[in-house]
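As stored in entry.tsv (TSV, C-alpha atoms and all ligand atoms):
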chain	number	residue	atom	x	y	z
Y	1	MET	CA	-17.11	-19.44	-49.42
Y	2	LYS	CA	-20.20	-19.97	-51.55
Y	3	GLU	CA	-21.17	-17.32	-54.06
Y	4	VAL	CA	-23.73	-14.82	-52.78
Y	5	LEU	CA	-25.72	-12.58	-55.08
Y	6	ILE	CA	-26.73	-9.09	-54.02
Y	7	ALA	CA	-30.03	-7.71	-55.31
Y	8	PRO	CA	-30.47	-4.07	-54.32
Y	9	SER	CA	-34.13	-3.12	-54.01
Y	10	ILE	CA	-34.90	0.12	-55.81
Y	11	LEU	CA	-37.74	0.69	-53.34
Y	12	SER	CA	-35.17	2.63	-51.33
Y	13	ALA	CA	-33.76	4.49	-54.35
Y	14	ASN	CA	-34.51	8.12	-55.10
Y	15	PHE	CA	-37.60	7.84	-57.36
Y	16	GLY	CA	-36.95	11.38	-58.59
Y	17	SER	CA	-33.76	10.18	-60.23
Y	18	LEU	CA	-34.51	6.49	-60.52
Y	19	ALA	CA	-32.72	5.98	-63.81
Y	20	ASN	CA	-29.54	7.43	-62.36
Y	21	ASP	CA	-29.78	5.26	-59.24
Y	22	VAL	CA	-30.24	2.13	-61.36
Y	23	LYS	CA	-27.16	3.10	-63.37
Y	24	LEU	CA	-25.19	3.67	-60.16
Y	25	ILE	CA	-26.07	0.34	-58.56
Y	26	ASP	CA	-25.36	-1.43	-61.82
Y	27	GLU	CA	-21.90	0.11	-61.91
Y	28	ALA	CA	-21.48	-0.54	-58.18
Y	29	GLY	CA	-21.69	-4.30	-58.74
Y	30	ALA	CA	-25.32	-5.25	-58.11
Y	31	ASP	CA	-25.98	-8.77	-59.39
Y	32	TRP	CA	-29.71	-8.33	-59.87
Y	33	ILE	CA	-32.03	-5.32	-59.75
Y	34	HIS	CA	-34.88	-6.09	-57.33
Y	35	LEU	CA	-38.19	-4.46	-58.25
Y	36	ASP	CA	-40.76	-4.17	-55.47
Y	37	VAL	CA	-44.16	-3.90	-57.10
Y	38	MET	CA	-46.86	-3.01	-54.56
Y	39	ASP	CA	-50.54	-2.57	-55.25
Y	40	GLY	CA	-51.86	-0.80	-52.14
Y	41	HIS	CA	-54.09	-3.83	-51.62
Y	42	PHE	CA	-52.09	-6.94	-50.83
Y	43	VAL	CA	-49.71	-4.59	-49.04
Y	44	PRO	CA	-50.58	-1.12	-47.74
Y	45	ASN	CA	-48.05	0.65	-49.94
Y	46	LEU	CA	-48.11	1.55	-53.63
Y	47	THR	CA	-45.05	1.67	-55.86
Y	48	PHE	CA	-44.73	1.16	-59.61
Y	49	GLY	CA	-45.66	-1.19	-62.42
Y	50	PRO	CA	-44.70	-2.13	-65.97
Y	51	PRO	CA	-44.32	1.38	-67.49
Y	52	ILE	CA	-41.72	2.47	-64.94
Y	53	ILE	CA	-39.92	-0.86	-65.22
Y	54	LYS	CA	-39.86	-0.50	-69.00
Y	55	SER	CA	-38.45	3.01	-68.72
Y	56	ILE	CA	-35.41	1.79	-66.75
Y	57	ARG	CA	-34.92	-1.51	-68.57
Y	58	ASN	CA	-32.27	-0.29	-70.98
Y	59	ILE	CA	-30.16	1.28	-68.25
Y	60	SER	CA	-28.78	-2.01	-66.97
Y	61	LYS	CA	-28.15	-5.42	-68.45
Y	62	LYS	CA	-28.41	-7.07	-65.03
Y	63	PRO	CA	-31.35	-9.43	-64.45
Y	64	PHE	CA	-34.54	-7.64	-63.38
Y	65	ASP	CA	-36.07	-9.48	-60.44
Y	66	ALA	CA	-39.75	-8.50	-60.10
Y	67	HIS	CA	-41.28	-9.13	-56.69
Y	68	LEU	CA	-45.02	-8.78	-57.16
Y	69	MET	CA	-46.72	-7.83	-53.89
Y	70	VAL	CA	-50.10	-7.68	-55.57
Y	71	THR	CA	-53.36	-9.50	-55.02
Y	72	ASN	CA	-53.90	-10.50	-58.62
Y	73	PRO	CA	-50.52	-11.21	-60.23
Y	74	ASP	CA	-52.07	-13.33	-62.98
Y	75	ASP	CA	-53.74	-10.32	-64.56
Y	76	LEU	CA	-50.56	-8.54	-65.62
Y	77	LEU	CA	-47.92	-11.22	-66.20
Y	78	GLU	CA	-47.61	-10.44	-69.92
Y	79	GLU	CA	-47.11	-6.74	-69.19
Y	80	TYR	CA	-44.25	-7.43	-66.81
Y	81	VAL	CA	-42.61	-9.70	-69.34
Y	82	ALA	CA	-43.07	-7.08	-72.07
Y	83	ALA	CA	-41.51	-4.50	-69.74
Y	84	GLY	CA	-38.38	-6.67	-69.74
Y	85	VAL	CA	-38.22	-8.46	-66.40
Y	86	ASP	CA	-36.23	-11.70	-66.19
Y	87	MET	CA	-37.80	-13.20	-63.07
Y	88	ILE	CA	-41.28	-12.93	-61.65
Y	89	THR	CA	-41.99	-13.79	-58.05
Y	90	VAL	CA	-45.56	-14.03	-56.82
Y	91	HIS	CA	-46.83	-14.40	-53.27
Y	92	LYS	CA	-48.06	-17.74	-52.01
Y	93	GLU	CA	-50.74	-16.03	-49.90
Y	94	VAL	CA	-52.63	-14.56	-52.86
Y	95	THR	CA	-52.01	-16.99	-55.68
Y	96	PRO	CA	-54.62	-19.74	-55.42
Y	97	HIS	CA	-53.46	-21.61	-58.52
Y	98	LEU	CA	-49.74	-21.42	-57.93
Y	99	ASP	CA	-48.93	-24.35	-60.18
Y	100	ARG	CA	-50.71	-22.69	-63.08
Y	101	THR	CA	-49.22	-19.28	-62.41
Y	102	LEU	CA	-45.66	-20.61	-62.21
Y	103	THR	CA	-46.17	-22.56	-65.41
Y	104	ARG	CA	-47.42	-19.44	-67.17
Y	105	ILE	CA	-44.48	-17.37	-65.97
Y	106	ARG	CA	-42.10	-19.93	-67.42
Y	107	ASP	CA	-44.08	-20.25	-70.62
Y	108	LEU	CA	-43.68	-16.50	-70.99
Y	109	GLY	CA	-39.92	-16.99	-70.90
Y	110	CYS	CA	-39.19	-15.84	-67.35
Y	111	LYS	CA	-37.81	-17.52	-64.29
Y	112	ALA	CA	-40.56	-18.22	-61.77
Y	113	GLY	CA	-40.44	-17.50	-58.06
Y	114	VAL	CA	-42.67	-17.73	-55.05
Y	115	SER	CA	-42.46	-15.51	-51.99
Y	116	ILE	CA	-43.56	-16.39	-48.48
Y	117	ASN	CA	-44.59	-13.93	-45.78
Y	118	PRO	CA	-43.23	-14.29	-42.26
Y	119	GLY	CA	-46.48	-15.87	-41.06
Y	120	THR	CA	-46.80	-18.28	-43.99
Y	121	SER	CA	-45.77	-21.91	-43.82
Y	122	LEU	CA	-44.03	-23.88	-46.53
Y	123	SER	CA	-46.96	-26.22	-46.83
Y	124	GLY	CA	-47.65	-27.24	-50.41
Y	125	LEU	CA	-44.36	-25.97	-51.81
Y	126	GLU	CA	-43.04	-29.51	-51.95
Y	127	PHE	CA	-45.43	-30.11	-54.88
Y	128	LEU	CA	-44.11	-27.10	-56.80
Y	129	LEU	CA	-40.36	-27.42	-56.49
Y	130	GLU	CA	-39.93	-28.58	-60.08
Y	131	LYS	CA	-41.63	-25.44	-61.33
Y	132	LEU	CA	-39.68	-23.02	-59.19
Y	133	ASP	CA	-36.49	-21.16	-59.99
Y	134	LEU	CA	-36.52	-18.95	-56.92
Y	135	ILE	CA	-37.92	-18.96	-53.40
Y	136	LEU	CA	-38.05	-15.56	-51.71
Y	137	VAL	CA	-38.36	-15.61	-47.94
Y	138	MET	CA	-39.75	-12.39	-46.49
Y	139	SER	CA	-37.87	-11.50	-43.35
Y	140	VAL	CA	-40.19	-8.54	-42.68
Y	141	ASN	CA	-43.89	-8.12	-43.32
Y	142	PRO	CA	-43.92	-6.82	-46.88
Y	143	GLY	CA	-44.88	-3.27	-47.74
Y	144	PHE	CA	-42.11	-1.02	-46.56
Y	145	GLY	CA	-38.36	-0.69	-46.57
Y	146	GLY	CA	-36.38	-0.03	-43.43
Y	147	GLN	CA	-38.02	-2.61	-41.14
Y	148	ARG	CA	-36.28	-4.85	-38.64
Y	149	PHE	CA	-35.22	-8.35	-39.70
Y	150	LEU	CA	-37.31	-11.13	-38.15
Y	151	GLU	CA	-34.97	-13.80	-36.84
Y	152	SER	CA	-37.91	-16.19	-36.62
Y	153	GLN	CA	-37.48	-16.69	-40.37
Y	154	LEU	CA	-34.02	-18.25	-40.13
Y	155	SER	CA	-35.33	-21.73	-39.41
Y	156	LYS	CA	-37.61	-21.41	-42.44
Y	157	ILE	CA	-34.60	-20.54	-44.60
Y	158	SER	CA	-32.77	-23.63	-43.29
Y	159	SER	CA	-35.62	-25.98	-44.02
Y	160	ILE	CA	-35.97	-24.63	-47.56
Y	161	ARG	CA	-32.22	-25.07	-48.04
Y	162	ASP	CA	-32.57	-28.74	-47.06
Y	163	LYS	CA	-35.34	-29.24	-49.61
Y	164	ILE	CA	-33.46	-27.44	-52.39
Y	165	ASP	CA	-30.33	-29.47	-51.75
Y	166	GLN	CA	-32.25	-32.64	-52.49
Y	167	LEU	CA	-33.09	-31.40	-55.98
Y	168	GLU	CA	-31.00	-32.04	-59.03
Y	169	ARG	CA	-31.18	-28.51	-60.37
Y	170	PRO	CA	-30.48	-25.12	-58.85
Y	171	VAL	CA	-33.23	-23.11	-57.17
Y	172	GLY	CA	-32.30	-19.69	-55.80
Y	173	LEU	CA	-33.07	-18.92	-52.17
Y	174	SER	CA	-33.35	-15.24	-51.49
Y	175	VAL	CA	-34.09	-13.29	-48.33
Y	176	ASP	CA	-35.81	-9.93	-48.38
Y	177	GLY	CA	-36.28	-7.38	-45.60
Y	178	GLY	CA	-34.06	-5.87	-42.93
Y	179	ILE	CA	-30.89	-7.20	-44.52
Y	180	ASN	CA	-27.67	-5.60	-43.33
Y	181	GLU	CA	-24.17	-6.98	-42.79
Y	182	LYS	CA	-25.21	-8.85	-39.65
Y	183	THR	CA	-28.58	-10.24	-40.76
Y	184	GLY	CA	-27.17	-10.94	-44.22
Y	185	LYS	CA	-24.52	-13.13	-42.64
Y	186	MET	CA	-27.13	-14.91	-40.51
Y	187	SER	CA	-29.27	-15.53	-43.60
Y	188	ILE	CA	-26.36	-16.91	-45.60
Y	189	GLU	CA	-25.41	-19.19	-42.73
Y	190	ALA	CA	-28.99	-20.43	-42.64
Y	191	GLY	CA	-28.76	-21.30	-46.34
Y	192	ALA	CA	-29.72	-18.25	-48.42
Y	193	ASP	CA	-27.74	-17.43	-51.54
Y	194	ILE	CA	-29.33	-14.15	-52.62
Y	195	LEU	CA	-29.66	-11.09	-50.41
Y	196	VAL	CA	-32.22	-8.41	-51.27
Y	197	ALA	CA	-31.34	-5.11	-49.65
Y	198	GLY	CA	-32.88	-1.66	-49.87
Y	199	SER	CA	-31.84	0.52	-46.94
Y	200	SER	CA	-28.43	-1.00	-46.49
Y	201	VAL	CA	-27.50	-0.22	-50.08
Y	202	PHE	CA	-29.25	3.09	-50.73
Y	203	ARG	CA	-29.52	4.65	-47.30
Y	204	LEU	CA	-26.13	4.29	-45.68
Y	205	GLU	CA	-25.02	7.86	-45.10
Y	206	GLY	CA	-21.63	8.50	-46.66
Y	207	VAL	CA	-21.13	4.92	-47.90
Y	208	PRO	CA	-20.83	4.54	-51.69
Y	209	TYR	CA	-23.15	1.92	-53.22
Y	210	SER	CA	-20.17	-0.17	-54.30
Y	211	LYS	CA	-18.89	-0.36	-50.73
Y	212	ALA	CA	-22.35	-1.17	-49.36
Y	213	ILE	CA	-22.74	-4.02	-51.87
Y	214	GLU	CA	-19.26	-5.38	-51.14
Y	215	GLN	CA	-19.92	-5.31	-47.39
Y	216	LEU	CA	-23.04	-7.42	-47.87
Y	217	ARG	CA	-21.32	-9.79	-50.25
Y	218	ASN	CA	-18.27	-10.38	-48.08
Y	219	ARG	CA	-20.07	-10.20	-44.76
C	1	LIG	C1	-40.42	-5.07	-48.56
C	1	LIG	C2	-39.71	-5.25	-49.87
C	1	LIG	C3	-38.24	-5.26	-49.73
C	1	LIG	C4	-37.69	-3.97	-49.20
C	1	LIG	C5	-36.45	-4.25	-48.45
C	1	LIG	O1	-41.77	-5.23	-48.72
C	1	LIG	O2	-40.09	-6.47	-50.48
C	1	LIG	O3	-37.60	-5.59	-50.95
C	1	LIG	O4	-37.40	-3.05	-50.18
C	1	LIG	O5	-36.03	-3.06	-47.88
C	1	LIG	P1	-35.04	-3.06	-46.66
C	1	LIG	O6	-33.78	-3.68	-47.12
C	1	LIG	O7	-34.90	-1.62	-46.33
C	1	LIG	O8	-35.71	-3.84	-45.57
C	2	ZN	ZN	-38.88	-7.27	-52.32
Re-express the file's structure as structure tokens.
Ligand code: DX5
Ligand code: ZN
Amino acid sequence: MKEVLIAPSILSANFGSLANDVKLIDEAGADWIHLDVMDGHFVPNLTFGPPIIKSIRNISKKPFDAHLMVTNPDDLLEEYVAAGVDMITVHKEVTPHLDRTLTRIRDLGCKAGVSINPGTSLSGLEFLLEKLDLILVMSVNPGFGGQRFLESQLSKISSIRDKIDQLERPVGLSVDGGINEKTGKMSIEAGADILVAGSSVFRLEGVPYSKAIEQLRNR
């Protein structure tokens, strides 16, 4: 079975004790810590930015995976890097100069990712593959945790997998939104290798984080 990475999204953590939740998911076996940055503009919800990320950076050594759901990601790239993130993913829908933005992210020493909304096509990504370390397929409309997985995105995951497999270097393929044991399995079968999960790690009544992560990993 191929290796699957689990990236719990702290969007569903308890913000009142965020540091403790980050510590707990780190100890529970999270591979990456997924950071959902929302600006109340590109998406209707508002979360956190560099200062909060910086304040939890020293709690875990796991890679910090910043998912920027913001209209103007270019304006704050340096701040996210200074806050200690390892990967920065921007949205295709709001990044007009994607080639430049991805280049800058890498020049700043981070891995560069692009995320695609459910209604967005892959068009143009074929010109950027060499500059990408991660492709993040949204399987819900971004903005909120706890939404239902959109199966319409599975064929998109498969066609990205085909493209990635033709490359000579690894590019991560992650799926974000509505991931649980069942939809996680479907996503992996379609070709994903990273599962982002909020509710099904943090909000499973009576299930320890370690068990929730293992369930997703082993499907
Ligand atoms: C949605 C975020 C997701 C979200 C996933 O806009 O990008 O990372 O936290 O949450 P669940 O797993 O609850 O759908
Ligand atoms: Zn996310």
Inset, instruction - Taking all atoms listed in the file into account, report as a PyMOL selection string which residues have an atom no farther than 6 Å from an atom of ligand ZN 2 (chain C). - result: chain Y and resi 36+67+176
Could I get the residues of chain Y with an atom no further than 7 Å from an atom of ligand LIG 1 (chain C), each paired with its nearest atom pair and that distance in Å to one decimal, using all atoms listed in the file, sorted by chain and residue number, as CSV?
residue,atom,partner,partner_atom,distance
Y:Ser9,CA,C:LIG1,O4,5.0
Y:Ile10,CA,C:LIG1,O4,6.9
Y:Leu11,CA,C:LIG1,O4,4.9
Y:Ser12,CA,C:LIG1,O4,6.2
Y:His34,CA,C:LIG1,O3,7.0
Y:Asp36,CA,C:LIG1,O2,5.5
Y:His67,CA,C:LIG1,O2,6.9
Y:Val140,CA,C:LIG1,C1,6.8
Y:Asn141,CA,C:LIG1,O1,6.5
Y:Pro142,CA,C:LIG1,O1,3.2
Y:Gly143,CA,C:LIG1,O1,3.8
Y:Phe144,CA,C:LIG1,O1,4.7
Y:Gly145,CA,C:LIG1,O5,3.6
Y:Gly146,CA,C:LIG1,O7,3.6
Y:Gln147,CA,C:LIG1,O8,5.1
Y:Asp176,CA,C:LIG1,O3,5.4
Y:Gly177,CA,C:LIG1,O8,3.6
Y:Gly178,CA,C:LIG1,O8,3.7
Y:Ile179,CA,C:LIG1,O6,5.2
Y:Val196,CA,C:LIG1,O3,6.1
Y:Ala197,CA,C:LIG1,O6,3.8
Y:Gly198,CA,C:LIG1,O6,3.5
Y:Ser199,CA,C:LIG1,O7,3.8
Y:Ser200,CA,C:LIG1,O6,6.0
Legend entry - All residues 9 Å or closer to Pro208 of chain Y, all atoms listed in the file, same chain fewer than 6 positions away omitted, as a PyMOL selection string: chain Y and resi 28+201-202
Write out the residues from the selection above, keeping C-alpha atoms, as a PDB file, in the frame of the given file.
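Full text of out-v9.pdb as output:
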ATOM      1  CA  ALA Y  28     -21.480  -0.540 -58.180  1.00  0.00           C
ATOM      2  CA  VAL Y 201     -27.500  -0.220 -50.080  1.00  0.00           C
ATOM      3  CA  PHE Y 202     -29.250   3.090 -50.730  1.00  0.00           C
TER       4      PHE Y 202
END
Please determine the residues with any atom at most 12 Å from (-28.9, -21.9, -47.9) (coordinates as given in the file, with all atoms listed in the file counting) and report them as a compact mmCIF listing (two decimals) with C-alpha atoms, keeping the file's coordinate frame.
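New file result-v1.txt:
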# COMPACT_ATOMS: atom_id res chain seq x y z
CA LYS Y 2 -20.20 -19.97 -51.55
CA GLU Y 3 -21.17 -17.32 -54.06
CA VAL Y 4 -23.73 -14.82 -52.78
CA ILE Y 135 -37.92 -18.96 -53.40
CA LEU Y 136 -38.05 -15.56 -51.71
CA VAL Y 137 -38.36 -15.61 -47.94
CA LEU Y 154 -34.02 -18.25 -40.13
CA SER Y 155 -35.33 -21.73 -39.41
CA LYS Y 156 -37.61 -21.41 -42.44
CA ILE Y 157 -34.60 -20.54 -44.60
CA SER Y 158 -32.77 -23.63 -43.29
CA SER Y 159 -35.62 -25.98 -44.02
CA ILE Y 160 -35.97 -24.63 -47.56
CA ARG Y 161 -32.22 -25.07 -48.04
CA ASP Y 162 -32.57 -28.74 -47.06
CA LYS Y 163 -35.34 -29.24 -49.61
CA ILE Y 164 -33.46 -27.44 -52.39
CA ASP Y 165 -30.33 -29.47 -51.75
CA PRO Y 170 -30.48 -25.12 -58.85
CA VAL Y 171 -33.23 -23.11 -57.17
CA GLY Y 172 -32.30 -19.69 -55.80
CA LEU Y 173 -33.07 -18.92 -52.17
CA SER Y 174 -33.35 -15.24 -51.49
CA VAL Y 175 -34.09 -13.29 -48.33
CA GLY Y 184 -27.17 -10.94 -44.22
CA LYS Y 185 -24.52 -13.13 -42.64
CA MET Y 186 -27.13 -14.91 -40.51
CA SER Y 187 -29.27 -15.53 -43.60
CA ILE Y 188 -26.36 -16.91 -45.60
CA GLU Y 189 -25.41 -19.19 -42.73
CA ALA Y 190 -28.99 -20.43 -42.64
CA GLY Y 191 -28.76 -21.30 -46.34
CA ALA Y 192 -29.72 -18.25 -48.42
CA ASP Y 193 -27.74 -17.43 -51.54
CA ILE Y 194 -29.33 -14.15 -52.62
CA LEU Y 195 -29.66 -11.09 -50.41
Legend entry - Residue with smallest distance to Ser210 of chain Y - pool Y:Asp133, Y:Glu93, Y:Asp21, Y:Glu27, counting only C-alpha atoms: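 Selected residue with least distance to Ser210 of chain Y: Y:Glu27.
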Legend entry - Minimum-distance residue to Leu129 of chain Y, chosen among Y:Met38, Y:Leu167, Y:Val43, Y:Val94 (using only C-alpha atoms): Y:Leu167
Legend entry - Shortest interatomic distance to Glu126 of chain Y - which of Y:Gln153, Y:Gln166, Y:Asn14, Y:Asn218, counting only C-alpha atoms: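 Closest to Glu126 of chain Y, using only C-alpha atoms: Y:Gln166.
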Legend entry - Of the listed residues Y:Asp26, Y:Asp31, Y:Asp99, Y:Asp65, that which approaches Asp86 of chain Y most closely, counting only C-alpha atoms: Y:Asp65
Inset, instruction - Grab the atom CA of Asp39 of chain Y to atom CA of Ala19 of chain Y distance for me, in Å with one decimal place. - result: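 According to the coordinates, atom CA of Asp39 of chain Y and atom CA of Ala19 of chain Y are separated by 21.5 Å.
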Inset, instruction - Record the distance separating atom CA of Val22 of chain Y and atom CA of Asn72 of chain Y, expressed in Å with one decimal. - result: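 That distance, rounded to one decimal, is 27.0 Å.
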Legend entry - Y:Val37, Y:Ala82, Y:Ala7, Y:Leu125 ranked by distance to Lys62 of chain Y, top pick (using all atoms listed in the file): Y:Ala7
Legend entry - Option closest in space to Leu98 of chain Y, from Y:Pro8, Y:Pro118, Y:Gly16, Y:Gly124 [counting all atoms listed in the file]: Y:Gly124
Legend entry - Between atom CA of Val85 of chain Y and atom CA of Glu205 of chain Y - distance in Å to one decimal: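 Taking atom CA of Glu205 of chain Y as the start and atom CA of Val85 of chain Y as the end point, the length is 29.9 Å.
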